[in-house]
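Structure below is data31.csv: CSV, C-alpha atoms.
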```csv
chain,number,residue,atom,x,y,z
A,1,MET,CA,-19.2,-7.0,-16.0
A,2,ILE,CA,-15.7,-6.7,-17.1
A,3,GLU,CA,-16.5,-6.9,-20.8
A,4,ASP,CA,-18.6,-3.7,-20.4
A,5,ILE,CA,-15.6,-1.7,-19.2
A,6,HIS,CA,-15.1,1.3,-21.5
A,7,GLN,CA,-13.2,4.6,-21.8
A,8,GLY,CA,-14.7,7.4,-19.7
A,9,GLN,CA,-16.4,5.0,-17.2
A,10,ILE,CA,-16.6,6.2,-13.7
A,11,LEU,CA,-15.8,3.5,-11.1
A,12,PRO,CA,-18.2,3.2,-8.2
A,13,PRO,CA,-16.6,5.3,-5.4
A,14,VAL,CA,-15.7,4.0,-2.0
A,15,VAL,CA,-16.3,6.3,1.0
A,16,LYS,CA,-14.7,5.6,4.4
A,17,HIS,CA,-14.7,7.5,7.6
A,18,ILE,CA,-11.3,7.5,9.3
A,19,THR,CA,-11.2,7.1,13.1
A,20,GLN,CA,-8.3,6.7,15.5
A,21,GLU,CA,-9.9,3.4,16.5
A,22,LYS,CA,-9.6,2.2,12.8
A,23,ILE,CA,-6.0,3.4,12.7
A,24,ASN,CA,-5.2,1.5,15.8
A,25,LEU,CA,-6.8,-1.6,14.5
A,26,TYR,CA,-4.8,-1.3,11.3
A,27,ALA,CA,-1.6,-0.9,13.3
A,28,GLU,CA,-2.3,-4.1,15.0
A,29,ALA,CA,-3.3,-5.9,11.8
A,30,SER,CA,-0.3,-4.7,9.9
A,31,GLY,CA,2.3,-4.6,12.6
A,32,ASP,CA,3.1,-1.0,11.8
A,33,PHE,CA,3.2,0.8,15.2
A,34,ASN,CA,4.9,4.0,14.0
A,35,PRO,CA,3.9,6.5,16.7
A,36,ILE,CA,3.0,9.0,14.0
A,37,HIS,CA,-0.1,6.9,13.6
A,38,ILE,CA,-1.0,5.9,17.1
A,39,ASP,CA,0.6,8.2,19.6
A,40,GLU,CA,-1.1,11.6,19.7
A,41,SER,CA,1.3,13.0,22.2
A,42,PHE,CA,4.2,12.2,19.9
A,43,ALA,CA,2.5,13.1,16.6
A,44,VAL,CA,1.4,16.5,17.9
A,45,GLN,CA,5.0,17.5,18.2
A,46,THR,CA,5.8,16.7,14.6
A,47,PRO,CA,5.3,18.9,11.6
A,48,LEU,CA,2.1,16.9,10.9
A,49,GLY,CA,0.6,18.2,14.1
A,50,GLY,CA,-1.3,15.0,15.0
A,51,THR,CA,-1.8,11.4,14.2
A,52,ILE,CA,-2.4,10.3,10.6
A,53,ALA,CA,-3.7,7.2,9.0
A,54,HIS,CA,-1.3,4.7,7.5
A,55,GLY,CA,-0.8,5.2,3.8
A,56,MET,CA,-1.4,1.5,3.3
A,57,LEU,CA,-4.8,1.8,5.0
A,58,ILE,CA,-5.9,4.3,2.4
A,59,LEU,CA,-4.5,2.1,-0.3
A,60,ALA,CA,-6.6,-0.8,1.0
A,61,TYR,CA,-9.6,1.4,0.2
A,62,VAL,CA,-8.2,2.0,-3.3
A,63,SER,CA,-7.7,-1.7,-3.9
A,64,ASP,CA,-11.2,-2.4,-2.6
A,65,MET,CA,-12.6,0.0,-5.2
A,66,MET,CA,-10.6,-1.6,-7.9
A,67,ALA,CA,-11.5,-5.2,-6.8
A,68,ARG,CA,-15.2,-4.3,-6.8
A,69,ALA,CA,-14.9,-2.9,-10.4
A,70,PHE,CA,-12.6,-5.5,-11.9
A,71,GLY,CA,-12.8,-8.5,-9.7
A,72,ALA,CA,-10.2,-11.2,-10.2
A,73,SER,CA,-8.6,-9.2,-13.0
A,74,TRP,CA,-7.5,-6.7,-10.4
A,75,ASN,CA,-6.2,-9.2,-7.8
A,76,SER,CA,-4.3,-11.2,-10.3
A,77,GLY,CA,-3.1,-8.7,-12.9
A,78,GLY,CA,-3.5,-5.2,-11.5
A,79,LYS,CA,-0.8,-2.6,-11.3
A,80,LEU,CA,-1.0,0.4,-9.0
A,81,SER,CA,1.2,3.5,-8.8
A,82,VAL,CA,0.3,6.3,-6.3
A,83,ARG,CA,1.7,9.2,-4.5
A,84,PHE,CA,0.6,10.3,-1.0
A,85,LYS,CA,-0.1,14.0,-1.3
A,86,ALA,CA,-1.5,14.8,2.1
A,87,PRO,CA,-2.3,12.8,5.3
A,88,ALA,CA,-5.7,11.4,6.2
A,89,ARG,CA,-6.5,12.2,9.8
A,90,PRO,CA,-8.9,10.9,12.4
A,91,GLY,CA,-12.3,12.5,11.7
A,92,ASP,CA,-11.7,12.7,7.9
A,93,THR,CA,-14.1,11.1,5.4
A,94,VAL,CA,-12.2,9.8,2.5
A,95,THR,CA,-13.7,9.3,-0.9
A,96,VAL,CA,-11.8,7.1,-3.3
A,97,ALA,CA,-12.7,7.8,-7.0
A,98,GLY,CA,-11.5,6.3,-10.2
A,99,LYS,CA,-12.1,6.7,-13.9
A,100,VAL,CA,-11.2,4.5,-16.9
A,101,GLU,CA,-9.0,6.8,-19.0
A,102,SER,CA,-8.4,4.4,-21.8
A,103,VAL,CA,-8.8,0.8,-22.9
A,104,GLU,CA,-5.8,-0.3,-24.9
A,105,ASP,CA,-4.4,-3.4,-26.4
A,106,GLU,CA,-1.2,-4.5,-24.6
A,107,GLU,CA,0.5,-7.5,-26.1
A,108,GLY,CA,-2.8,-8.9,-27.4
A,109,THR,CA,-4.7,-8.3,-24.2
A,110,SER,CA,-7.1,-5.4,-23.5
A,111,CYS,CA,-5.9,-3.3,-20.6
A,112,ALA,CA,-7.8,-0.5,-18.8
A,113,ARG,CA,-5.8,2.5,-17.6
A,114,CYS,CA,-7.6,4.2,-14.7
A,115,SER,CA,-6.9,7.5,-13.0
A,116,LEU,CA,-7.3,7.4,-9.2
A,117,GLU,CA,-7.7,9.9,-6.4
A,118,CYS,CA,-8.7,10.0,-2.8
A,119,ARG,CA,-10.0,13.2,-1.4
A,120,ASN,CA,-11.0,14.2,2.1
A,121,GLN,CA,-14.3,16.0,3.0
A,122,GLN,CA,-12.7,19.3,2.1
A,123,GLY,CA,-11.8,18.2,-1.4
A,124,GLU,CA,-8.1,18.0,-0.6
A,125,ALA,CA,-6.2,15.3,-2.5
A,126,ILE,CA,-4.8,12.7,-0.2
A,127,VAL,CA,-3.7,10.1,-2.8
A,128,VAL,CA,-3.3,10.5,-6.6
A,129,GLY,CA,-2.2,7.9,-9.1
A,130,GLU,CA,-3.1,5.4,-11.7
A,131,ALA,CA,-3.9,1.8,-12.1
A,132,ARG,CA,-3.7,-0.7,-14.9
A,133,VAL,CA,-5.8,-3.8,-15.2
A,134,ARG,CA,-5.7,-6.6,-17.8
A,135,LEU,CA,-9.2,-7.3,-18.8
A,136,GLU,CA,-9.2,-11.1,-19.0
B,1,MET,CA,20.0,-6.8,14.2
B,2,PRO,CA,18.1,-4.0,12.4
B,3,VAL,CA,20.2,-1.8,10.1
B,4,THR,CA,20.0,2.0,10.1
B,5,TYR,CA,19.6,4.3,7.2
B,6,GLU,CA,23.2,5.3,7.4
B,7,GLU,CA,24.3,1.7,7.1
B,8,LEU,CA,22.2,1.0,3.9
B,9,THR,CA,23.6,1.1,0.4
B,10,VAL,CA,21.8,0.9,-2.9
B,11,GLY,CA,21.4,-2.8,-3.7
B,12,TYR,CA,21.5,-3.9,-0.1
B,13,GLU,CA,19.4,-7.1,0.3
B,14,PHE,CA,17.5,-7.6,3.5
B,15,PRO,CA,17.3,-11.1,4.9
B,16,PRO,CA,14.4,-13.0,3.2
B,17,ALA,CA,11.4,-13.4,5.4
B,18,SER,CA,8.6,-16.0,5.4
B,19,TYR,CA,5.3,-15.5,7.1
B,20,GLU,CA,1.9,-17.2,7.4
B,21,LEU,CA,-1.2,-15.4,6.4
B,22,ASN,CA,-3.4,-17.2,8.8
B,23,ALA,CA,-7.2,-16.8,9.4
B,24,SER,CA,-6.8,-14.8,12.5
B,25,LEU,CA,-4.4,-12.3,10.9
B,26,VAL,CA,-6.6,-11.9,7.8
B,27,ALA,CA,-9.7,-11.5,10.0
B,28,LYS,CA,-8.0,-8.7,11.9
B,29,TYR,CA,-6.9,-7.1,8.7
B,30,LEU,CA,-10.4,-7.2,7.2
B,31,GLY,CA,-11.8,-5.7,10.3
B,32,ALA,CA,-9.3,-2.9,10.2
B,33,VAL,CA,-10.0,-2.0,6.6
B,34,ASP,CA,-13.7,-2.4,7.0
B,35,SER,CA,-14.0,-5.0,4.2
B,36,ALA,CA,-15.7,-8.3,3.6
B,37,GLY,CA,-13.4,-11.2,2.8
B,38,ASP,CA,-13.4,-14.5,1.0
B,39,ASP,CA,-11.1,-17.5,0.9
B,40,SER,CA,-8.2,-15.4,-0.4
B,41,VAL,CA,-5.9,-12.9,1.3
B,42,PRO,CA,-6.5,-9.3,0.1
B,43,PRO,CA,-3.4,-8.3,-1.9
B,44,LEU,CA,-2.9,-5.2,0.3
B,45,ALA,CA,-2.9,-7.5,3.4
B,46,VAL,CA,0.0,-9.5,1.8
B,47,ALA,CA,1.8,-6.2,1.2
B,48,ALA,CA,1.2,-4.9,4.7
B,49,ARG,CA,2.8,-8.0,6.2
B,50,ALA,CA,5.7,-7.8,3.7
B,51,LEU,CA,6.4,-4.3,4.9
B,52,ALA,CA,6.1,-5.4,8.5
B,53,ALA,CA,8.6,-8.2,7.9
B,54,LEU,CA,10.9,-5.7,6.3
B,55,ALA,CA,10.6,-3.4,9.2
B,56,GLU,CA,12.0,-6.0,11.5
B,57,TRP,CA,15.4,-5.6,9.7
B,58,LEU,CA,15.3,-1.9,9.1
B,59,HIS,CA,15.4,0.6,11.9
B,60,LEU,CA,13.0,3.4,10.9
B,61,PRO,CA,12.8,6.4,13.2
B,62,ALA,CA,9.5,7.5,14.6
B,63,GLY,CA,7.9,9.9,12.2
B,64,THR,CA,8.9,8.1,9.0
B,65,ILE,CA,6.2,8.6,6.3
B,66,HIS,CA,5.2,6.9,3.1
B,67,ALA,CA,5.6,9.1,0.1
B,68,SER,CA,4.7,6.8,-2.8
B,69,GLN,CA,3.9,3.2,-3.6
B,70,ASP,CA,3.8,1.0,-6.6
B,71,PHE,CA,2.4,-2.5,-6.8
B,72,GLU,CA,1.9,-5.3,-9.3
B,73,PHE,CA,-0.3,-8.2,-8.3
B,74,PHE,CA,0.2,-11.5,-10.0
B,75,LYS,CA,-1.9,-14.0,-8.1
B,76,LEU,CA,-4.0,-14.3,-5.0
B,77,VAL,CA,-3.0,-16.7,-2.2
B,78,PRO,CA,-5.5,-18.6,0.0
B,79,VAL,CA,-6.0,-17.8,3.7
B,80,GLY,CA,-3.4,-19.9,5.6
B,81,ALA,CA,-0.8,-19.7,2.9
B,82,THR,CA,2.9,-19.1,3.8
B,83,VAL,CA,4.6,-16.6,1.6
B,84,HIS,CA,8.2,-15.5,1.2
B,85,CYS,CA,9.4,-11.9,0.9
B,86,GLN,CA,12.6,-10.5,-0.5
B,87,ALA,CA,13.5,-6.8,-0.3
B,88,LYS,CA,16.3,-4.6,-1.3
B,89,VAL,CA,17.3,-0.9,-1.4
B,90,GLY,CA,16.5,0.5,-4.8
B,91,ARG,CA,17.5,4.0,-4.2
B,92,LYS,CA,18.9,6.1,-1.3
B,93,LEU,CA,18.8,9.9,-1.4
B,94,THR,CA,20.0,12.5,1.1
B,95,ARG,CA,19.2,16.1,0.2
B,96,GLY,CA,19.8,18.6,3.0
B,97,SER,CA,17.9,17.3,6.0
B,98,MET,CA,15.7,15.1,3.8
B,99,ARG,CA,16.5,11.3,3.8
B,100,MET,CA,14.6,9.1,1.3
B,101,LEU,CA,14.6,5.4,0.6
B,102,VAL,CA,13.1,3.4,-2.2
B,103,LEU,CA,12.6,-0.2,-1.1
B,104,GLU,CA,11.8,-2.9,-3.7
B,105,LEU,CA,9.8,-5.9,-2.5
B,106,SER,CA,8.9,-9.2,-4.0
B,107,VAL,CA,6.6,-11.8,-2.6
B,108,ALA,CA,6.3,-15.4,-3.7
B,109,ASP,CA,4.2,-18.4,-2.6
B,110,SER,CA,5.5,-21.7,-1.3
B,111,SER,CA,5.9,-23.0,-4.9
B,112,GLY,CA,8.1,-20.0,-5.8
B,113,GLN,CA,5.4,-18.4,-8.0
B,114,LYS,CA,5.4,-14.6,-7.9
B,115,VAL,CA,2.5,-13.2,-5.8
B,116,GLN,CA,3.2,-9.5,-6.0
B,117,SER,CA,6.0,-7.0,-6.3
B,118,GLY,CA,6.1,-3.5,-5.0
B,119,LYS,CA,8.2,-0.4,-4.6
B,120,ALA,CA,7.8,1.8,-1.5
B,121,THR,CA,9.3,5.3,-1.2
B,122,ILE,CA,9.6,6.5,2.4
B,123,ILE,CA,10.9,9.7,3.9
B,124,LEU,CA,12.7,9.6,7.2
B,125,PRO,CA,12.5,12.6,9.5
B,126,ALA,CA,15.5,14.8,9.9
```

Let me see whether you can do it: turn the structure in this file into structure tokens.
Amino acid sequence: MIEDIHQGQILPPVVKHITQEKINLYAEASGDFNPIHIDESFAVQTPLGGTIAHGMLILAYVSDMMARAFGASWNSGGKLSVRFKAPARPGDTVTVAGKVESVEDEEGTSCARCSLECRNQQGEAIVVGEARVRLE
Amino acid sequence: MPVTYEELTVGYEFPPASYELNASLVAKYLGAVDSAGDDSVPPLAVAARALAALAEWLHLPAGTIHASQDFEFFKLVPVGATVHCQAKVGRKLTRGSMRMLVLELSVADSSGQKVQSGKATIILPA
């Protein structure tokens, strides 16, 4: 329950396995057909060395975790700020984790500030950032 | 006619775009992100379509990557809603062979209420 949100709380993680099929599906759903995501013969010739998942696909997992933890407060009052540190590749298992760093009053409304990170199965950070949610 | 990086200036406003978030599109999105849905469009699905609408006006070379992203969500929209997207160039930076763009986006519903805003930083290949 949102009234139980407290400093130090660990948000339930979201774990997803990345496949080329999922990346292709996301390309179709989003309309983003950049070959770095879907064309292995192109991607292998770039400095990335192969196809990578769309950053927005990984952010969908982040948003999913936040929506599960905060419900409507996230979808209608959430703020997200992230940096993409490394690519997620087909075959990776991505774990999205979050922690409530503080609960503060902002203009009369309680607001949770959360740290966020996504790591692959080797522990490498893929996405780092923070989110803010008004608790109402 | 899509514009190129070279043609863009800070403050450049892309033509506004409207798009329908219909049930078929949302179902495809939910399948792609492996998520259950409800009667509302996931905020990241709205954002993904906003970026796709923007891409119709901006020629991004193959190999362009997303470096950072900010969002603020104001309200959900129901499946089937039509939303309106505005975007402009917030920043443009060329350093050596690196070319970077900060794109600012804002999405509103059919009554003009703000749905979400965002800021995408992208890096274009040399």

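Counting all atoms listed in the file, every residue of chain B that comes within 6 Å of chain A is listed here: Lys28, Tyr29, Ala32, Leu44, Ala48, Arg49, Ala52, Ala62, Gly63, Ala67, Ser68, Gln69, Asp70, Phe71, Glu72, Phe73, Phe74 and Lys75 of chain B.
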
Could you dump the residues just selected with C-alpha atoms as an mmCIF file, in the frame of the given file?
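Final output, result01.cif:
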```
data_model
loop_
_atom_site.group_PDB
_atom_site.id
_atom_site.type_symbol
_atom_site.label_atom_id
_atom_site.label_comp_id
_atom_site.auth_asym_id
_atom_site.auth_seq_id
_atom_site.Cartn_x
_atom_site.Cartn_y
_atom_site.Cartn_z
ATOM 1 C CA LYS B 28 -8.000 -8.700 11.900
ATOM 2 C CA TYR B 29 -6.900 -7.100 8.700
ATOM 3 C CA ALA B 32 -9.300 -2.900 10.200
ATOM 4 C CA LEU B 44 -2.900 -5.200 0.300
ATOM 5 C CA ALA B 48 1.200 -4.900 4.700
ATOM 6 C CA ARG B 49 2.800 -8.000 6.200
ATOM 7 C CA ALA B 52 6.100 -5.400 8.500
ATOM 8 C CA ALA B 62 9.500 7.500 14.600
ATOM 9 C CA GLY B 63 7.900 9.900 12.200
ATOM 10 C CA ALA B 67 5.600 9.100 0.100
ATOM 11 C CA SER B 68 4.700 6.800 -2.800
ATOM 12 C CA GLN B 69 3.900 3.200 -3.600
ATOM 13 C CA ASP B 70 3.800 1.000 -6.600
ATOM 14 C CA PHE B 71 2.400 -2.500 -6.800
ATOM 15 C CA GLU B 72 1.900 -5.300 -9.300
ATOM 16 C CA PHE B 73 -0.300 -8.200 -8.300
ATOM 17 C CA PHE B 74 0.200 -11.500 -10.000
ATOM 18 C CA LYS B 75 -1.900 -14.000 -8.100
#
```

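The coordinates place atom CA of Val115 of chain B at 25.3 Å from atom CA of Ile5 of chain A.
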
Could you please determine the separation between atom CA of Lys114 of chain B and atom CA of Pro16 of chain B in Å, to one decimal place? 14.4 Å

From atom CA of Glu104 of chain B to atom CA of Glu20 of chain B the spacing works out at 20.6 Å

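Of the listed residues A:Glu101, A:Glu106, A:Glu124, A:Asp39, the one whose atoms come nearest to Ile10 of chain A is A:Glu101, with distances taken using all atoms listed in the file.
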